[in-house]
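S.K.: The following file, start_21.cif, comprises mmCIF, C-alpha atoms:
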data_entry
loop_
_atom_site.group_PDB
_atom_site.id
_atom_site.type_symbol
_atom_site.label_atom_id
_atom_site.label_comp_id
_atom_site.auth_asym_id
_atom_site.auth_seq_id
_atom_site.Cartn_x
_atom_site.Cartn_y
_atom_site.Cartn_z
ATOM 1 C CA MET A 21 -36.877 80.819 -44.209
ATOM 2 C CA ASN A 22 -39.282 77.964 -43.543
ATOM 3 C CA ILE A 23 -37.976 74.457 -43.009
ATOM 4 C CA LEU A 24 -39.904 71.212 -43.410
ATOM 5 C CA VAL A 25 -38.720 68.235 -41.395
ATOM 6 C CA PHE A 26 -40.086 64.895 -42.555
ATOM 7 C CA GLY A 27 -40.062 62.526 -39.616
ATOM 8 C CA LEU A 28 -39.926 62.778 -35.850
ATOM 9 C CA GLY A 29 -37.819 59.737 -35.060
ATOM 10 C CA MET A 30 -34.549 59.195 -33.262
ATOM 11 C CA TYR A 31 -32.455 61.282 -35.673
ATOM 12 C CA VAL A 32 -34.751 64.268 -35.238
ATOM 13 C CA ILE A 33 -35.890 64.336 -31.590
ATOM 14 C CA GLY A 34 -34.389 61.177 -30.113
ATOM 15 C CA SER A 35 -35.811 57.806 -29.199
ATOM 16 C CA ASP A 36 -36.766 58.483 -25.579
ATOM 17 C CA ASN A 37 -36.605 61.165 -22.880
ATOM 18 C CA SER A 38 -32.869 60.786 -22.322
ATOM 19 C CA HIS A 39 -31.885 61.243 -25.989
ATOM 20 C CA TYR A 40 -32.535 64.314 -28.107
ATOM 21 C CA GLY A 41 -31.538 63.345 -31.635
ATOM 22 C CA THR A 42 -29.216 65.434 -33.792
ATOM 23 C CA ILE A 43 -31.409 67.153 -36.382
ATOM 24 C CA PHE A 44 -33.648 69.262 -34.134
ATOM 25 C CA PRO A 45 -30.850 70.356 -31.767
ATOM 26 C CA SER A 46 -28.767 71.361 -34.820
ATOM 27 C CA ILE A 47 -31.659 73.416 -36.186
ATOM 28 C CA LEU A 48 -32.009 75.131 -32.808
ATOM 29 C CA GLU A 49 -28.315 75.991 -32.664
ATOM 30 C CA PHE A 50 -28.536 77.382 -36.208
ATOM 31 C CA GLN A 51 -31.533 79.480 -35.187
ATOM 32 C CA LYS A 52 -29.756 80.722 -32.068
ATOM 33 C CA LYS A 53 -26.818 81.924 -34.132
ATOM 34 C CA TYR A 54 -28.488 83.228 -37.315
ATOM 35 C CA LYS A 55 -32.174 83.787 -36.420
ATOM 36 C CA ASP A 56 -33.162 83.044 -40.035
ATOM 37 C CA ILE A 57 -35.915 80.468 -39.517
ATOM 38 C CA ASN A 58 -39.463 81.828 -39.605
ATOM 39 C CA LYS A 59 -41.188 78.516 -39.094
ATOM 40 C CA LEU A 60 -40.310 74.875 -38.634
ATOM 41 C CA ILE A 61 -42.909 72.432 -39.937
ATOM 42 C CA PHE A 62 -42.631 68.821 -38.840
ATOM 43 C CA ILE A 63 -44.349 66.233 -41.024
ATOM 44 C CA LYS A 64 -45.209 63.371 -38.668
ATOM 45 C CA ASN A 65 -45.097 59.987 -40.363
ATOM 46 C CA SER A 66 -45.618 57.775 -37.322
ATOM 47 C CA LYS A 67 -48.218 57.052 -34.701
ATOM 48 C CA LYS A 68 -46.174 58.623 -31.902
ATOM 49 C CA ASN A 69 -48.186 60.477 -29.295
ATOM 50 C CA LEU A 70 -48.499 64.138 -30.244
ATOM 51 C CA ASN A 71 -48.473 65.297 -26.605
ATOM 52 C CA ASP A 72 -45.176 63.480 -25.950
ATOM 53 C CA ILE A 73 -43.677 64.991 -29.109
ATOM 54 C CA ASN A 74 -44.751 68.512 -28.138
ATOM 55 C CA LYS A 75 -43.305 68.103 -24.627
ATOM 56 C CA LYS A 76 -39.991 66.976 -26.067
ATOM 57 C CA ILE A 77 -39.884 69.853 -28.583
ATOM 58 C CA LYS A 78 -40.729 72.435 -25.911
ATOM 59 C CA LYS A 79 -38.083 70.980 -23.599
ATOM 60 C CA GLN A 80 -35.458 71.331 -26.342
ATOM 61 C CA LEU A 81 -36.530 74.906 -27.095
ATOM 62 C CA LYS A 82 -36.058 75.704 -23.405
ATOM 63 C CA ILE A 83 -32.674 73.925 -23.146
ATOM 64 C CA HIS A 84 -31.337 75.760 -26.199
ATOM 65 C CA LYS A 85 -32.962 79.060 -25.149
ATOM 66 C CA VAL A 86 -34.539 79.496 -28.573
ATOM 67 C CA ASN A 87 -37.937 80.866 -29.496
ATOM 68 C CA LEU A 88 -39.090 79.233 -32.728
ATOM 69 C CA ASP A 89 -42.512 78.979 -34.314
ATOM 70 C CA TYR A 90 -43.298 75.372 -35.208
ATOM 71 C CA GLU A 91 -46.188 73.144 -36.119
ATOM 72 C CA ILE A 92 -46.675 69.431 -36.548
ATOM 73 C CA LYS A 93 -48.635 68.080 -39.498
ATOM 74 C CA ASN A 94 -49.881 64.512 -39.580
ATOM 75 C CA ASN A 95 -48.859 62.929 -42.882
ATOM 76 C CA PHE A 96 -51.672 60.371 -42.589
ATOM 77 C CA LYS A 97 -54.266 63.151 -42.817
ATOM 78 C CA LEU A 98 -52.354 65.449 -45.165
ATOM 79 C CA LYS A 99 -52.753 65.664 -48.915
ATOM 80 C CA LEU A 100 -49.024 66.071 -49.178
ATOM 81 C CA ASN A 101 -48.602 67.119 -52.803
ATOM 82 C CA LYS A 102 -51.232 69.857 -52.459
ATOM 83 C CA PHE A 103 -49.739 70.946 -49.141
ATOM 84 C CA LEU A 104 -46.228 71.176 -50.609
ATOM 85 C CA SER A 105 -47.375 73.113 -53.663
ATOM 86 C CA ASN A 106 -49.221 75.642 -51.480
ATOM 87 C CA ILE A 107 -46.782 76.028 -48.614
ATOM 88 C CA LYS A 108 -45.514 79.541 -48.127
ATOM 89 C CA GLU A 109 -41.831 80.025 -48.922
ATOM 90 C CA PRO A 110 -40.364 76.626 -48.146
ATOM 91 C CA THR A 111 -36.618 77.049 -48.259
ATOM 92 C CA ALA A 112 -35.608 73.491 -47.496
ATOM 93 C CA ALA A 113 -36.802 70.077 -46.462
ATOM 94 C CA ILE A 114 -34.925 67.630 -44.290
ATOM 95 C CA ILE A 115 -35.903 64.023 -45.005
ATOM 96 C CA CYS A 116 -35.457 61.876 -41.876
ATOM 97 C CA LEU A 117 -37.714 58.919 -42.547
ATOM 98 C CA PRO A 118 -37.075 55.186 -42.874
ATOM 99 C CA ASP A 119 -34.734 54.477 -45.806
ATOM 100 C CA HIS A 120 -37.385 53.023 -48.123
ATOM 101 C CA LEU A 121 -39.294 56.360 -48.010
ATOM 102 C CA HIS A 122 -36.365 58.665 -48.833
ATOM 103 C CA PHE A 123 -36.756 58.588 -52.618
ATOM 104 C CA TYR A 124 -40.517 59.178 -52.611
ATOM 105 C CA TYR A 125 -40.428 62.205 -50.294
ATOM 106 C CA THR A 126 -37.285 63.682 -51.836
ATOM 107 C CA ASN A 127 -38.797 63.395 -55.306
ATOM 108 C CA LEU A 128 -42.047 64.967 -54.112
ATOM 109 C CA CYS A 129 -40.180 67.933 -52.630
ATOM 110 C CA LEU A 130 -37.986 68.428 -55.687
ATOM 111 C CA LYS A 131 -41.055 68.395 -57.961
ATOM 112 C CA ASN A 132 -42.372 71.259 -55.820
ATOM 113 C CA ASN A 133 -39.069 73.206 -56.065
ATOM 114 C CA ILE A 134 -38.097 72.547 -52.457
ATOM 115 C CA ASN A 135 -34.388 71.944 -51.797
ATOM 116 C CA CYS A 136 -33.680 68.800 -49.770
ATOM 117 C CA ILE A 137 -31.216 67.403 -47.319
ATOM 118 C CA VAL A 138 -31.611 63.643 -46.978
ATOM 119 C CA VAL A 139 -30.379 61.436 -44.153
ATOM 120 C CA LYS A 140 -28.431 58.734 -45.985
ATOM 121 C CA PRO A 141 -29.086 56.769 -48.131
ATOM 122 C CA LEU A 142 -30.806 58.794 -50.853
ATOM 123 C CA SER A 143 -32.691 55.725 -52.030
ATOM 124 C CA SER A 144 -32.886 52.041 -51.245
ATOM 125 C CA ASN A 145 -31.877 50.910 -54.747
ATOM 126 C CA LEU A 146 -29.719 51.979 -57.687
ATOM 127 C CA LYS A 147 -32.651 52.497 -60.071
ATOM 128 C CA GLU A 148 -34.198 55.199 -57.836
ATOM 129 C CA ALA A 149 -30.837 56.851 -57.243
ATOM 130 C CA LYS A 150 -30.284 57.345 -60.984
#
What do you get writing this file as structure tokens?

M.R.:
Amino acid sequence: MNILVFGLGMYVIGSDNSHYGTIFPSILEFQKKYKDINKLIFIKNSKKNLNDINKKIKKQLKIHKVNLDYEIKNNFKLKLNKFLSNIKEPTAAIICLPDHLHFYYTNLCLKNNINCIVVKPLSSNLKEAK
């Protein structure tokens, strides 16, 4: 199984070096128990420093004693629709972006037959939610 994670903010990897988020640690615990994840692909939607992000990810892998193949894609440079339609065996996407982006990215994944888990809310207005 391959998992896409949209966003690398506080819910995913934490806001600073003393916090680790909830999404990534949960994925690591799942991997430790079931060993079902082939690759974790982070879609970076911010200007956070890539070196800092990699250090934090590697630290978490070490803490959880998990070996997991991962890569980080920069959404600003990515032709996302083409990438999603060509990605090999995406099983799920986890949408962890600012609220106003949830609908757009969820819709894009669903159009490419990728199941989604969305950090609440699903959308920022009733029209999109319908």

S.K.: So that I can see what lies close to Lys55 in chain A, please list as a count of residues only the residues with an atom at most 12 Å from it, counting all atoms listed in the file and leaving out residues fewer than 3 positions away in the same chain.

M.R.: 14

S.K.: Can you work out the spacing between CA of Gln80 in chain A and CA of His120 in chain A in Å, to one decimal?

M.R.: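 Going from CA of Gln80 in chain A over to CA of His120 in chain A, I get 28.5 Å.
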
S.K.: Expand the PyMOL selection byres ((chain A and resi 123) around 8) into the explicit residue set it covers here, and present it as a ChimeraX atom specification.

M.R.: /A:120-122,124-127,142-144,148-149

S.K.: I'd like to know which of A:Leu100, A:Ile57, A:Ala112, A:Met30 is closest to Ile73 in chain A, using all atoms listed in the file.

M.R.: A:Met30

S.K.: Written as a list in words, which residues does the PyMOL selection byres ((chain A and resi 63) around 8) give for the file shown?

M.R.: Leu24, Val25, Phe26, Gly27, Leu28, Ile61, Phe62, Lys64, Asn65, Ile92, Lys93, Asn94 and Asn95 of chain A

S.K.: For the structure shown, which residues end up in the PyMOL selection byres ((chain A and resi 72) around 12)? Put them as a VMD selection string, please?

M.R.: chain A and resid 28 33 to 37 67 to 71 73 to 79

S.K.: Mind pulling up the distance from CA of Glu91 in chain A to CA of Asn135 in chain A?

M.R.: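 Straight-line distance from CA of Asn135 in chain A to CA of Glu91 in chain A works out to 19.7 Å.
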
S.K.: So what do you get for CA of Asn101 in chain A versus CA of Val138 in chain A, distance-wise?

M.R.: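 So the two atoms, CA of Asn101 in chain A and CA of Val138 in chain A, lie 18.3 Å apart.
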
S.K.: Might you pull out every residue within 7 Å of Tyr31 in chain A, with all atoms listed in the file counted and same-chain residues fewer than 3 positions away left off, and present them as an MDAnalysis selection string?

M.R.: chainID A and resid 34 41:43 116

S.K.: Pick the closest to Phe44 in chain A from A:Asn145, A:His84, A:Asp56, A:Ser66: which is it, counting only C-alpha atoms?

M.R.: A:His84

S.K.: Which residue is closest to Leu104 in chain A? Choose from A:Lys53, A:Pro118, A:Lys147, A:Ile23 and count only C-alpha atoms.

M.R.: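 For Leu104 in chain A, the nearest of the candidates is A:Ile23.
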
S.K.: Please define a box with edges along x, y and z of the file around all atoms of range 45-52 of chain A given in the file, extend it by 6 Å on each side, and return its centre and edge lengths in Å to one decimal, as JSON.

M.R.:
{"center_x": -30.2, "center_y": 75.5, "center_z": -34.0, "size_x": 15.7, "size_y": 22.4, "size_z": 16.4}

S.K.: Rank A:Ile134, A:Val32, A:Leu146, A:Leu128 by their smallest atom-to-atom distance to Ile107 in chain A, using only C-alpha atoms, and report the top residue only.

M.R.: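 Looking at the shortest contact to Ile107 in chain A, the residue is A:Ile134.
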
S.K.: Once all heavy atoms are restored for range 29-40 of chain A, what would the output be as a CSV table (one decimal), keeping the file's coordinate frame?

M.R.:
chain,number,residue,atom,x,y,z
A,29,GLY,N,-38.4,60.9,-35.7
A,29,GLY,CA,-37.8,59.7,-35.1
A,29,GLY,C,-36.5,60.1,-34.3
A,29,GLY,O,-36.3,61.2,-34.0
A,30,MET,N,-35.7,59.0,-34.1
A,30,MET,CA,-34.5,59.2,-33.3
A,30,MET,C,-33.5,60.2,-33.8
A,30,MET,O,-32.9,60.8,-33.0
A,30,MET,CB,-33.9,57.8,-33.0
A,30,MET,CG,-33.3,57.2,-34.2
A,30,MET,SD,-32.6,55.6,-33.6
A,30,MET,CE,-31.7,55.2,-35.1
A,31,TYR,N,-33.4,60.3,-35.1
A,31,TYR,CA,-32.5,61.3,-35.7
A,31,TYR,C,-32.9,62.7,-35.4
A,31,TYR,O,-32.1,63.6,-35.3
A,31,TYR,CB,-32.3,61.1,-37.2
A,31,TYR,CG,-31.5,59.9,-37.6
A,31,TYR,CD1,-32.0,59.1,-38.6
A,31,TYR,CD2,-30.3,59.5,-37.0
A,31,TYR,CE1,-31.3,57.9,-39.0
A,31,TYR,CE2,-29.6,58.4,-37.4
A,31,TYR,CZ,-30.2,57.6,-38.4
A,31,TYR,OH,-29.5,56.5,-38.8
A,32,VAL,N,-34.2,62.9,-35.4
A,32,VAL,CA,-34.8,64.3,-35.2
A,32,VAL,C,-34.9,64.7,-33.8
A,32,VAL,O,-34.3,65.7,-33.4
A,32,VAL,CB,-36.1,64.4,-36.0
A,32,VAL,CG1,-36.7,65.8,-35.8
A,32,VAL,CG2,-36.0,64.1,-37.4
A,33,ILE,N,-35.7,63.9,-33.0
A,33,ILE,CA,-35.9,64.3,-31.6
A,33,ILE,C,-35.5,63.3,-30.6
A,33,ILE,O,-35.7,63.4,-29.4
A,33,ILE,CB,-37.4,64.7,-31.3
A,33,ILE,CG1,-38.3,63.6,-31.6
A,33,ILE,CG2,-37.7,66.0,-32.1
A,33,ILE,CD1,-39.7,63.8,-31.1
A,34,GLY,N,-34.9,62.2,-31.0
A,34,GLY,CA,-34.4,61.2,-30.1
A,34,GLY,C,-35.4,60.1,-29.9
A,34,GLY,O,-36.6,60.2,-30.3
A,35,SER,N,-35.0,59.0,-29.3
A,35,SER,CA,-35.8,57.8,-29.2
A,35,SER,C,-36.6,57.7,-27.9
A,35,SER,O,-37.5,57.1,-27.7
A,35,SER,CB,-35.0,56.5,-29.4
A,35,SER,OG,-33.9,56.5,-28.5
A,36,ASP,N,-36.1,58.5,-26.9
A,36,ASP,CA,-36.8,58.5,-25.6
A,36,ASP,C,-36.4,59.8,-24.9
A,36,ASP,O,-35.8,60.7,-25.4
A,36,ASP,CB,-36.4,57.3,-24.7
A,36,ASP,CG,-34.9,57.1,-24.5
A,36,ASP,OD1,-34.2,58.2,-24.3
A,36,ASP,OD2,-34.4,56.0,-24.5
A,37,ASN,N,-36.8,59.9,-23.6
A,37,ASN,CA,-36.6,61.2,-22.9
A,37,ASN,C,-35.2,61.5,-22.5
A,37,ASN,O,-34.8,62.6,-22.1
A,37,ASN,CB,-37.5,61.2,-21.6
A,37,ASN,CG,-38.9,61.3,-22.0
A,37,ASN,OD1,-39.3,61.9,-23.0
A,37,ASN,ND2,-39.8,60.8,-21.1
A,38,SER,N,-34.3,60.5,-22.7
A,38,SER,CA,-32.9,60.8,-22.3
A,38,SER,C,-32.0,61.1,-23.6
A,38,SER,O,-30.8,61.4,-23.4
A,38,SER,CB,-32.3,59.6,-21.5
A,38,SER,OG,-32.3,58.4,-22.3
A,39,HIS,N,-32.6,61.0,-24.7
A,39,HIS,CA,-31.9,61.2,-26.0
A,39,HIS,C,-32.6,62.3,-26.8
A,39,HIS,O,-33.9,62.3,-26.8
A,39,HIS,CB,-31.7,60.0,-26.8
A,39,HIS,CG,-31.0,58.9,-26.1
A,39,HIS,ND1,-31.6,57.9,-25.4
A,39,HIS,CD2,-29.6,58.7,-26.0
A,39,HIS,CE1,-30.7,57.1,-24.9
A,39,HIS,NE2,-29.5,57.6,-25.2
A,40,TYR,N,-31.9,63.2,-27.4
A,40,TYR,CA,-32.5,64.3,-28.1
A,40,TYR,C,-32.3,64.4,-29.6
A,40,TYR,O,-32.6,65.4,-30.2
A,40,TYR,CB,-32.1,65.6,-27.5
A,40,TYR,CG,-32.4,65.7,-26.0
A,40,TYR,CD1,-31.5,65.6,-25.0
A,40,TYR,CD2,-33.8,65.9,-25.6
A,40,TYR,CE1,-31.8,65.7,-23.7
A,40,TYR,CE2,-34.1,65.9,-24.3
A,40,TYR,CZ,-33.2,65.8,-23.3
A,40,TYR,OH,-33.5,65.9,-22.0
